[in-house]
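Engineer: Below is one structure. I have some questions about it.
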Amino acid sequence: MADFSDLLLEGVPIPLVLVGPDQRIRSMNSGALEIFAGSGVGRHYVTVMRQPALIECVERAMQQGSEGRTRYIDKGLDREASYRVRAVALDAEDGMHVLLSFEDVTEFEKAGEMRRDFVANVSHELKTPLTALIGFIETLRGAARDDAVVRERFLGIMEREAERMNRLVSDLLSLSRVESAERQRPTDPVDVDDLVAATLSPLQALAKTESVTLEVMRPKDVPDPLVVPGDRDQLQQVLTNLIENGIKYGREGGTVRIMLDYSPRELAFRGPGVRIQVVDDGEGFDPIHIPRLTERFYRVDNHRSRAVGGTGLGLAIAKHIINRHRGRFRIETEPGKGARFSILLPALT
């Protein structure tokens with residue numbers, strides 16, 4: 001029968017290690033066994049806890065009878081975990097014990113890192129156009145005050161930079177709204193054919209400017225109407241972003257195809273599904289970028305993305321919207337063979 005102290009430690013949902021007065025480990029619960037990859041019971045704690053900061057924390061608690069705190073990094077095969085460690089001295093009849101608790105703060109630290117990266121990225125994205133605007137304003141107040149040609153050219157650049165900041169702020173607000181509502185699944189019926197037609201109409205002018213043809217492909221065996229449960233405005237936002245990217249990054253004089261398909265039994269939903277694909281015939285890119293494309297501010301080509309007015313947030317917004325609709329988002333590409341963006345949504349029967 002297990003010792004009572006072992007049973008007590010096992011009943012606590014966080015990893016715990018009890019070190020006895022002889023500096024050997026008296027007990028470890030299952031959480032601690034996972035951290036230290038096997039049993040260390042009966043061994044000297046130094047041979048199990050090999051990080052200097054952790055060893056020093058145990059020594060201080062045992063010698064001074066005080067509480068100690070430190071950080072422990074577990075570099076496992078599948079992930080690196082970070083723990084906040086608390087060492088508490090327990091003065092028992094047989095001597096001073098130390099109870100170590102390990103609080104997993106990995107996700108908390110990742111969230112903090114993401115927030116810092118987000119603030120740094122936003123600051124960087126805003127700083128460039130702001131610096132340009134300030135410089136042009138100073139020039140227009142000085143040397144170019146009376147030069148009509150230079151003034152007109154600078155005002156045009158200032159307008160583009162201001163529009164870029166406006167797009168960035170709009171995308172940030174949109175991303176915030178989408179993230180806040182991501183757990184609320186939309187249920188309104190949305191006609192996919194009407195959705196595609198409404199999306200293409202305002203993009204025809206841009207397509208004409210870039211000499212790109214927009215083509216909708218709908219097999220005859222696809223049922224009519226195609227209806228999905230969703231938020232029409234958000235789904236239109238996703239399609240607009242993907243088709244606009246196809247126009248801007250596709251081949252001049254090429255074609256952007258919007259392909260619709262239907263499956264009566266889609267494995268992802270265990271029911272009917274609608275697939276919308278946006279395919280361009282541009283240069284494509286190395287598939288190594290695909291896992292990171294939906295990260296905020298990630299760009300395959302920073303210079304080209306900024307040149308065409310991209311904020312680096314479009315695909316991140318698209319991912320969150322599709323997640324909200326309980327859909328699937330897939331990206332396929334090869335250098336020289338264009339890109340294919342696939343949206344899979346559950347269909348209304």
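To be explicit about the labels: the chains of the structure tokens are called A, B, and onward in the order shown, and within each one the residues are counted from 1, while ligands get numbers from 1 in the order they are shown.
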Once DSSP has gone over the backbone, tell me which residues of range 247-336 of chain A are in helix (DSSP H, G or I), as a list in words.
Structural biologist: Ile247, Lys248, Tyr249, Pro287, Ile288, His289, Ile290, Pro291, Arg292, Asn302, His303, Arg304, Ser305, Arg306, Ala307, Gly314, Leu315, Ala316, Ile317, Ala318, Lys319, His320, Ile321, Ile322, Asn323 and Arg324 of chain A
Engineer: Report as JSON lines: every residue of range 37-91 of chain A with an atom at most 7 Å from range 101-124 of chain A, its closest pair of atoms, and their distance in Å to one decimal, counting only C-alpha atoms, with rows sorted by chain and ascending residue number.
Structural biologist:
```
{"residue": "A:Ala81", "atom": "CA", "partner": "A:Thr106", "partner_atom": "CA", "distance": 5.4}
{"residue": "A:Ser82", "atom": "CA", "partner": "A:Thr106", "partner_atom": "CA", "distance": 4.9}
{"residue": "A:Tyr83", "atom": "CA", "partner": "A:Asp104", "partner_atom": "CA", "distance": 4.5}
{"residue": "A:Arg84", "atom": "CA", "partner": "A:Glu103", "partner_atom": "CA", "distance": 5.0}
{"residue": "A:Val85", "atom": "CA", "partner": "A:Phe102", "partner_atom": "CA", "distance": 4.8}
{"residue": "A:Arg86", "atom": "CA", "partner": "A:Ser101", "partner_atom": "CA", "distance": 5.3}
{"residue": "A:Ala87", "atom": "CA", "partner": "A:Ser101", "partner_atom": "CA", "distance": 6.7}
```
Engineer: Write the residues you've just listed into a file as a short mmCIF file (atom, residue, chain, number, x, y, z; two decimals), in the first residue's frame, and include N, CA and C atoms for each of them.
Structural biologist:
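Full text of out-v3.cif as output:
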```
data_model
loop_
_atom_site.label_atom_id
_atom_site.label_comp_id
_atom_site.auth_asym_id
_atom_site.auth_seq_id
_atom_site.Cartn_x
_atom_site.Cartn_y
_atom_site.Cartn_z
N ALA A 81 8.97 23.48 -22.19
CA ALA A 81 8.01 23.98 -21.22
C ALA A 81 8.71 24.81 -20.15
N SER A 82 7.99 25.80 -19.66
CA SER A 82 8.54 26.68 -18.63
C SER A 82 7.69 26.56 -17.37
N TYR A 83 8.35 26.40 -16.22
CA TYR A 83 7.63 26.22 -14.96
C TYR A 83 8.06 27.28 -13.95
N ARG A 84 7.08 27.77 -13.21
CA ARG A 84 7.35 28.64 -12.07
C ARG A 84 7.41 27.72 -10.84
N VAL A 85 8.56 27.68 -10.16
CA VAL A 85 8.79 26.73 -9.06
C VAL A 85 8.73 27.45 -7.72
N ARG A 86 8.04 26.81 -6.79
CA ARG A 86 7.96 27.32 -5.40
C ARG A 86 8.48 26.23 -4.48
N ALA A 87 9.48 26.56 -3.67
CA ALA A 87 10.07 25.61 -2.72
C ALA A 87 9.68 26.03 -1.30
#
```
Engineer: Set the distance at 12 Å and use only C-alpha atoms: which residues neighbour range 147-154 of chain A once local chain neighbours fewer than 2 positions away are removed? I'd like the list as an MDAnalysis selection string.
Structural biologist: chainID A and resid 132:145 156:161
Engineer: Output all heavy atoms for every residue in the selection just made, as a compact mmCIF listing (two decimals), in the first residue's frame.
Structural biologist:
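What follows is the written file part_29.txt:
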```txt
# COMPACT_ATOMS: atom_id res chain seq x y z
N ALA A 132 7.49 59.02 -43.09
CA ALA A 132 7.40 59.60 -44.44
C ALA A 132 6.52 60.85 -44.43
O ALA A 132 6.88 61.88 -45.03
CB ALA A 132 6.84 58.57 -45.41
N LEU A 133 5.39 60.78 -43.76
CA LEU A 133 4.48 61.93 -43.70
C LEU A 133 5.15 63.14 -43.04
O LEU A 133 5.05 64.27 -43.54
CB LEU A 133 3.21 61.55 -42.94
CG LEU A 133 2.21 60.67 -43.68
CD1 LEU A 133 1.10 60.23 -42.74
CD2 LEU A 133 1.62 61.40 -44.88
N ILE A 134 5.81 62.89 -41.93
CA ILE A 134 6.49 63.99 -41.22
C ILE A 134 7.56 64.62 -42.09
O ILE A 134 7.69 65.85 -42.17
CB ILE A 134 7.10 63.48 -39.89
CG1 ILE A 134 5.97 63.09 -38.92
CG2 ILE A 134 8.00 64.53 -39.27
CD1 ILE A 134 6.45 62.34 -37.70
N GLY A 135 8.32 63.78 -42.79
CA GLY A 135 9.37 64.30 -43.68
C GLY A 135 8.82 65.13 -44.81
O GLY A 135 9.34 66.22 -45.12
N PHE A 136 7.74 64.67 -45.45
CA PHE A 136 7.14 65.42 -46.56
C PHE A 136 6.52 66.73 -46.08
O PHE A 136 6.58 67.75 -46.77
CB PHE A 136 6.10 64.56 -47.27
CG PHE A 136 6.70 63.47 -48.11
CD1 PHE A 136 6.23 62.16 -48.00
CD2 PHE A 136 7.74 63.72 -48.99
CE1 PHE A 136 6.77 61.14 -48.77
CE2 PHE A 136 8.30 62.72 -49.75
CZ PHE A 136 7.82 61.43 -49.64
N ILE A 137 5.90 66.71 -44.90
CA ILE A 137 5.32 67.94 -44.35
C ILE A 137 6.40 68.98 -44.11
O ILE A 137 6.23 70.17 -44.45
CB ILE A 137 4.55 67.63 -43.05
CG1 ILE A 137 3.28 66.84 -43.36
CG2 ILE A 137 4.19 68.92 -42.31
CD1 ILE A 137 2.58 66.27 -42.14
N GLU A 138 7.52 68.55 -43.53
CA GLU A 138 8.64 69.48 -43.30
C GLU A 138 9.16 70.05 -44.61
O GLU A 138 9.47 71.25 -44.72
CB GLU A 138 9.76 68.76 -42.56
CG GLU A 138 9.43 68.43 -41.11
CD GLU A 138 10.54 67.65 -40.43
OE1 GLU A 138 11.49 67.23 -41.15
OE2 GLU A 138 10.44 67.42 -39.21
N THR A 139 9.25 69.19 -45.64
CA THR A 139 9.74 69.64 -46.95
C THR A 139 8.77 70.63 -47.59
O THR A 139 9.18 71.65 -48.15
CB THR A 139 9.94 68.44 -47.89
OG1 THR A 139 10.82 67.50 -47.27
CG2 THR A 139 10.57 68.89 -49.21
N LEU A 140 7.49 70.35 -47.49
CA LEU A 140 6.48 71.23 -48.09
C LEU A 140 6.41 72.57 -47.38
O LEU A 140 6.03 73.59 -47.97
CB LEU A 140 5.11 70.56 -48.06
CG LEU A 140 4.92 69.38 -49.02
CD1 LEU A 140 3.59 68.69 -48.77
CD2 LEU A 140 4.99 69.87 -50.47
N ARG A 141 6.76 72.59 -46.13
CA ARG A 141 6.80 73.86 -45.39
C ARG A 141 8.07 74.65 -45.66
O ARG A 141 8.14 75.83 -45.35
CB ARG A 141 6.70 73.59 -43.89
CG ARG A 141 5.27 73.27 -43.43
CD ARG A 141 5.25 73.01 -41.95
NE ARG A 141 3.89 72.95 -41.45
CZ ARG A 141 3.56 72.62 -40.20
NH1 ARG A 141 4.53 72.30 -39.34
NH2 ARG A 141 2.31 72.60 -39.81
N GLY A 142 9.06 73.94 -46.22
CA GLY A 142 10.34 74.60 -46.45
C GLY A 142 10.67 74.76 -47.92
O GLY A 142 10.05 75.55 -48.63
N ALA A 143 11.62 73.92 -48.40
CA ALA A 143 12.17 74.09 -49.75
C ALA A 143 11.12 73.96 -50.85
O ALA A 143 11.22 74.63 -51.89
CB ALA A 143 13.28 73.07 -49.97
N ALA A 144 10.12 73.10 -50.67
CA ALA A 144 9.14 72.87 -51.74
C ALA A 144 7.87 73.70 -51.58
O ALA A 144 6.87 73.44 -52.25
CB ALA A 144 8.78 71.38 -51.78
N ARG A 145 7.92 74.72 -50.74
CA ARG A 145 6.73 75.52 -50.46
C ARG A 145 6.11 76.09 -51.74
O ARG A 145 4.88 76.07 -51.91
CB ARG A 145 7.09 76.66 -49.51
CG ARG A 145 5.91 77.56 -49.15
CD ARG A 145 6.42 78.80 -48.43
NE ARG A 145 7.04 78.43 -47.16
CZ ARG A 145 6.37 78.31 -46.01
NH1 ARG A 145 5.07 78.54 -45.99
NH2 ARG A 145 7.01 78.00 -44.91
N GLY A 156 0.63 63.36 -53.30
CA GLY A 156 0.19 62.04 -53.76
C GLY A 156 0.79 60.93 -52.92
O GLY A 156 0.09 59.96 -52.55
N ILE A 157 2.08 61.05 -52.60
CA ILE A 157 2.75 60.05 -51.77
C ILE A 157 2.17 60.07 -50.35
O ILE A 157 1.92 59.02 -49.74
CB ILE A 157 4.26 60.30 -51.72
CG1 ILE A 157 4.87 60.16 -53.12
CG2 ILE A 157 4.95 59.32 -50.75
CD1 ILE A 157 6.33 60.57 -53.20
N MET A 158 1.92 61.28 -49.84
CA MET A 158 1.35 61.41 -48.50
C MET A 158 -0.04 60.77 -48.43
O MET A 158 -0.40 60.13 -47.43
CB MET A 158 1.28 62.88 -48.10
CG MET A 158 2.65 63.52 -47.86
SD MET A 158 2.58 65.32 -47.73
CE MET A 158 1.71 65.51 -46.17
N GLU A 159 -0.81 60.93 -49.50
CA GLU A 159 -2.14 60.32 -49.54
C GLU A 159 -2.04 58.80 -49.48
O GLU A 159 -2.79 58.15 -48.75
CB GLU A 159 -2.88 60.76 -50.80
CG GLU A 159 -4.29 60.20 -50.89
CD GLU A 159 -5.01 60.62 -52.16
OE1 GLU A 159 -4.32 60.97 -53.15
OE2 GLU A 159 -6.24 60.59 -52.19
N ARG A 160 -1.10 58.23 -50.24
CA ARG A 160 -0.93 56.77 -50.25
C ARG A 160 -0.50 56.26 -48.87
O ARG A 160 -0.98 55.22 -48.40
CB ARG A 160 0.08 56.36 -51.31
CG ARG A 160 -0.42 56.49 -52.73
CD ARG A 160 0.46 55.72 -53.70
NE ARG A 160 1.83 56.21 -53.73
CZ ARG A 160 2.25 57.21 -54.49
NH1 ARG A 160 1.40 57.84 -55.30
NH2 ARG A 160 3.51 57.58 -54.48
N GLU A 161 0.41 56.99 -48.22
CA GLU A 161 0.87 56.57 -46.89
C GLU A 161 -0.25 56.67 -45.86
O GLU A 161 -0.38 55.81 -44.98
CB GLU A 161 2.07 57.42 -46.44
CG GLU A 161 3.32 57.24 -47.30
CD GLU A 161 3.90 55.83 -47.20
OE1 GLU A 161 3.57 55.11 -46.24
OE2 GLU A 161 4.67 55.44 -48.08
```
Engineer: Just the residues within 8 Å of range 340-344 of chain A, please, counting only C-alpha atoms, with nothing from its chain fewer than 5 positions along; format it as a PyMOL selection string.
Structural biologist: chain A and resi 242+273-280+322+327-333
Engineer: With N, CA and C atoms retained, export the selected residues as a short mmCIF file (atom, residue, chain, number, x, y, z; two decimals), in the first residue's frame.
Structural biologist:
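Output file result.cif is given in full below:
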```
data_model
loop_
_atom_site.label_atom_id
_atom_site.label_comp_id
_atom_site.auth_asym_id
_atom_site.auth_seq_id
_atom_site.Cartn_x
_atom_site.Cartn_y
_atom_site.Cartn_z
N LEU A 242 -8.97 37.18 -50.51
CA LEU A 242 -8.31 36.14 -51.30
C LEU A 242 -8.31 36.49 -52.79
N GLY A 273 -20.66 19.41 -47.26
CA GLY A 273 -19.73 20.52 -47.19
C GLY A 273 -19.62 21.27 -48.51
N VAL A 274 -19.29 22.54 -48.43
CA VAL A 274 -19.10 23.39 -49.61
C VAL A 274 -17.64 23.82 -49.65
N ARG A 275 -17.02 23.67 -50.81
CA ARG A 275 -15.63 24.08 -50.99
C ARG A 275 -15.57 25.28 -51.95
N ILE A 276 -14.90 26.33 -51.51
CA ILE A 276 -14.66 27.51 -52.35
C ILE A 276 -13.15 27.65 -52.52
N GLN A 277 -12.70 27.64 -53.77
CA GLN A 277 -11.27 27.75 -54.04
C GLN A 277 -10.98 29.01 -54.87
N VAL A 278 -9.94 29.72 -54.47
CA VAL A 278 -9.47 30.87 -55.24
C VAL A 278 -8.09 30.52 -55.76
N VAL A 279 -7.97 30.44 -57.08
CA VAL A 279 -6.74 29.95 -57.71
C VAL A 279 -6.20 31.02 -58.65
N ASP A 280 -4.92 31.38 -58.47
CA ASP A 280 -4.29 32.33 -59.40
C ASP A 280 -3.20 31.63 -60.19
N ILE A 322 -12.81 31.87 -40.68
CA ILE A 322 -13.12 30.48 -41.06
C ILE A 322 -13.21 29.60 -39.82
N GLY A 327 -14.97 26.00 -40.12
CA GLY A 327 -14.53 25.54 -41.43
C GLY A 327 -13.07 25.14 -41.43
N ARG A 328 -12.55 24.89 -42.62
CA ARG A 328 -11.15 24.51 -42.82
C ARG A 328 -10.54 25.44 -43.86
N PHE A 329 -9.27 25.79 -43.66
CA PHE A 329 -8.57 26.70 -44.57
C PHE A 329 -7.28 26.03 -45.00
N ARG A 330 -7.08 25.93 -46.31
CA ARG A 330 -5.89 25.25 -46.82
C ARG A 330 -5.23 26.10 -47.90
N ILE A 331 -3.89 26.09 -47.89
CA ILE A 331 -3.12 26.85 -48.88
C ILE A 331 -2.18 25.89 -49.59
N GLU A 332 -2.17 25.95 -50.92
CA GLU A 332 -1.27 25.12 -51.73
C GLU A 332 -0.56 26.01 -52.74
N THR A 333 0.71 25.75 -52.95
CA THR A 333 1.47 26.55 -53.93
C THR A 333 2.76 25.85 -54.30
#
```
Engineer: Leaving out Leu33 in chain A and any residue of its chain fewer than 3 positions from it, which residues lie within 12 Å of it when counting only C-alpha atoms, given as a PyMOL selection string?
Structural biologist: chain A and resi 9-10+14-17+25+27-30+36-41+48-49+102
Engineer: Using only C-alpha atoms, which residue out of A:Asp194, A:Glu182, A:Asp22, A:Glu125 lies closest to Asp224 in chain A?
Structural biologist: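 Ranked by minimum distance to Asp224 in chain A, first place goes to A:Asp194.
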Engineer: Return as a PyMOL selection string the full set of residues in range 142-331 of chain A whose backbone-based DSSP assignment is strand (DSSP E).
Structural biologist: chain A and resi 189-191+213-217+227-229+255-266+271-279+328-331
Engineer: Limited to N, CA and C atoms, could you put the picked residues into a file as a compact mmCIF listing (two decimals), in the first residue's frame?
Structural biologist:
```
# COMPACT_ATOMS: atom_id res chain seq x y z
N PRO A 189 -28.43 31.64 -42.83
CA PRO A 189 -28.18 31.00 -44.14
C PRO A 189 -27.56 31.98 -45.13
N VAL A 190 -26.50 31.57 -45.79
CA VAL A 190 -25.80 32.42 -46.77
C VAL A 190 -25.75 31.68 -48.10
N ASP A 191 -26.29 32.28 -49.15
CA ASP A 191 -26.24 31.71 -50.50
C ASP A 191 -24.86 31.96 -51.08
N THR A 213 -8.46 38.42 -65.60
CA THR A 213 -9.82 37.93 -65.81
C THR A 213 -10.29 37.17 -64.58
N LEU A 214 -11.50 37.48 -64.14
CA LEU A 214 -12.11 36.77 -63.01
C LEU A 214 -13.10 35.75 -63.56
N GLU A 215 -12.92 34.49 -63.19
CA GLU A 215 -13.75 33.43 -63.76
C GLU A 215 -14.31 32.54 -62.66
N VAL A 216 -15.63 32.35 -62.69
CA VAL A 216 -16.29 31.47 -61.72
C VAL A 216 -16.52 30.12 -62.38
N MET A 217 -16.08 29.06 -61.71
CA MET A 217 -16.25 27.70 -62.22
C MET A 217 -17.16 26.93 -61.27
N VAL A 227 -25.94 26.63 -49.96
CA VAL A 227 -26.19 27.46 -48.77
C VAL A 227 -25.36 26.95 -47.59
N VAL A 228 -24.72 27.90 -46.90
CA VAL A 228 -23.93 27.57 -45.71
C VAL A 228 -24.41 28.43 -44.55
N PRO A 229 -24.27 27.94 -43.31
CA PRO A 229 -24.59 28.80 -42.16
C PRO A 229 -23.41 29.74 -41.91
N THR A 255 -5.51 34.87 -65.11
CA THR A 255 -6.87 34.58 -64.68
C THR A 255 -6.89 34.19 -63.21
N VAL A 256 -7.86 34.71 -62.50
CA VAL A 256 -8.12 34.27 -61.13
C VAL A 256 -9.43 33.49 -61.17
N ARG A 257 -9.37 32.22 -60.78
CA ARG A 257 -10.55 31.36 -60.85
C ARG A 257 -11.15 31.16 -59.46
N ILE A 258 -12.46 31.32 -59.40
CA ILE A 258 -13.20 31.03 -58.17
C ILE A 258 -13.98 29.75 -58.43
N MET A 259 -13.60 28.67 -57.78
CA MET A 259 -14.15 27.34 -58.06
C MET A 259 -15.05 26.90 -56.91
N LEU A 260 -16.28 26.50 -57.24
CA LEU A 260 -17.24 26.06 -56.24
C LEU A 260 -17.47 24.56 -56.38
N ASP A 261 -17.58 23.88 -55.25
CA ASP A 261 -17.83 22.44 -55.28
C ASP A 261 -18.64 22.05 -54.05
N TYR A 262 -19.25 20.87 -54.14
CA TYR A 262 -20.12 20.40 -53.06
C TYR A 262 -19.86 18.92 -52.81
N SER A 263 -19.83 18.55 -51.55
CA SER A 263 -19.67 17.14 -51.18
C SER A 263 -20.83 16.76 -50.26
N PRO A 264 -21.60 15.72 -50.62
CA PRO A 264 -22.73 15.33 -49.77
C PRO A 264 -22.29 14.76 -48.43
N ARG A 265 -21.07 14.25 -48.38
CA ARG A 265 -20.56 13.74 -47.10
C ARG A 265 -19.09 14.10 -46.98
N GLU A 266 -18.84 15.21 -46.32
CA GLU A 266 -17.47 15.70 -46.11
C GLU A 266 -16.96 15.14 -44.79
N GLY A 271 -20.78 15.29 -42.69
CA GLY A 271 -22.01 15.76 -43.32
C GLY A 271 -21.67 16.52 -44.58
N PRO A 272 -22.63 17.21 -45.19
CA PRO A 272 -22.37 17.93 -46.44
C PRO A 272 -21.44 19.12 -46.24
N GLY A 273 -20.66 19.41 -47.26
CA GLY A 273 -19.73 20.52 -47.19
C GLY A 273 -19.62 21.27 -48.51
N VAL A 274 -19.29 22.54 -48.43
CA VAL A 274 -19.10 23.39 -49.61
C VAL A 274 -17.64 23.82 -49.65
N ARG A 275 -17.02 23.67 -50.81
CA ARG A 275 -15.63 24.08 -50.99
C ARG A 275 -15.57 25.28 -51.95
N ILE A 276 -14.90 26.33 -51.51
CA ILE A 276 -14.66 27.51 -52.35
C ILE A 276 -13.15 27.65 -52.52
N GLN A 277 -12.70 27.64 -53.77
CA GLN A 277 -11.27 27.75 -54.04
C GLN A 277 -10.98 29.01 -54.87
N VAL A 278 -9.94 29.72 -54.47
CA VAL A 278 -9.47 30.87 -55.24
C VAL A 278 -8.09 30.52 -55.76
N VAL A 279 -7.97 30.44 -57.08
CA VAL A 279 -6.74 29.95 -57.71
C VAL A 279 -6.20 31.02 -58.65
N ARG A 328 -12.55 24.89 -42.62
CA ARG A 328 -11.15 24.51 -42.82
C ARG A 328 -10.54 25.44 -43.86
N PHE A 329 -9.27 25.79 -43.66
CA PHE A 329 -8.57 26.70 -44.57
C PHE A 329 -7.28 26.03 -45.00
N ARG A 330 -7.08 25.93 -46.31
CA ARG A 330 -5.89 25.25 -46.82
C ARG A 330 -5.23 26.10 -47.90
N ILE A 331 -3.89 26.09 -47.89
CA ILE A 331 -3.12 26.85 -48.88
C ILE A 331 -2.18 25.89 -49.59
```
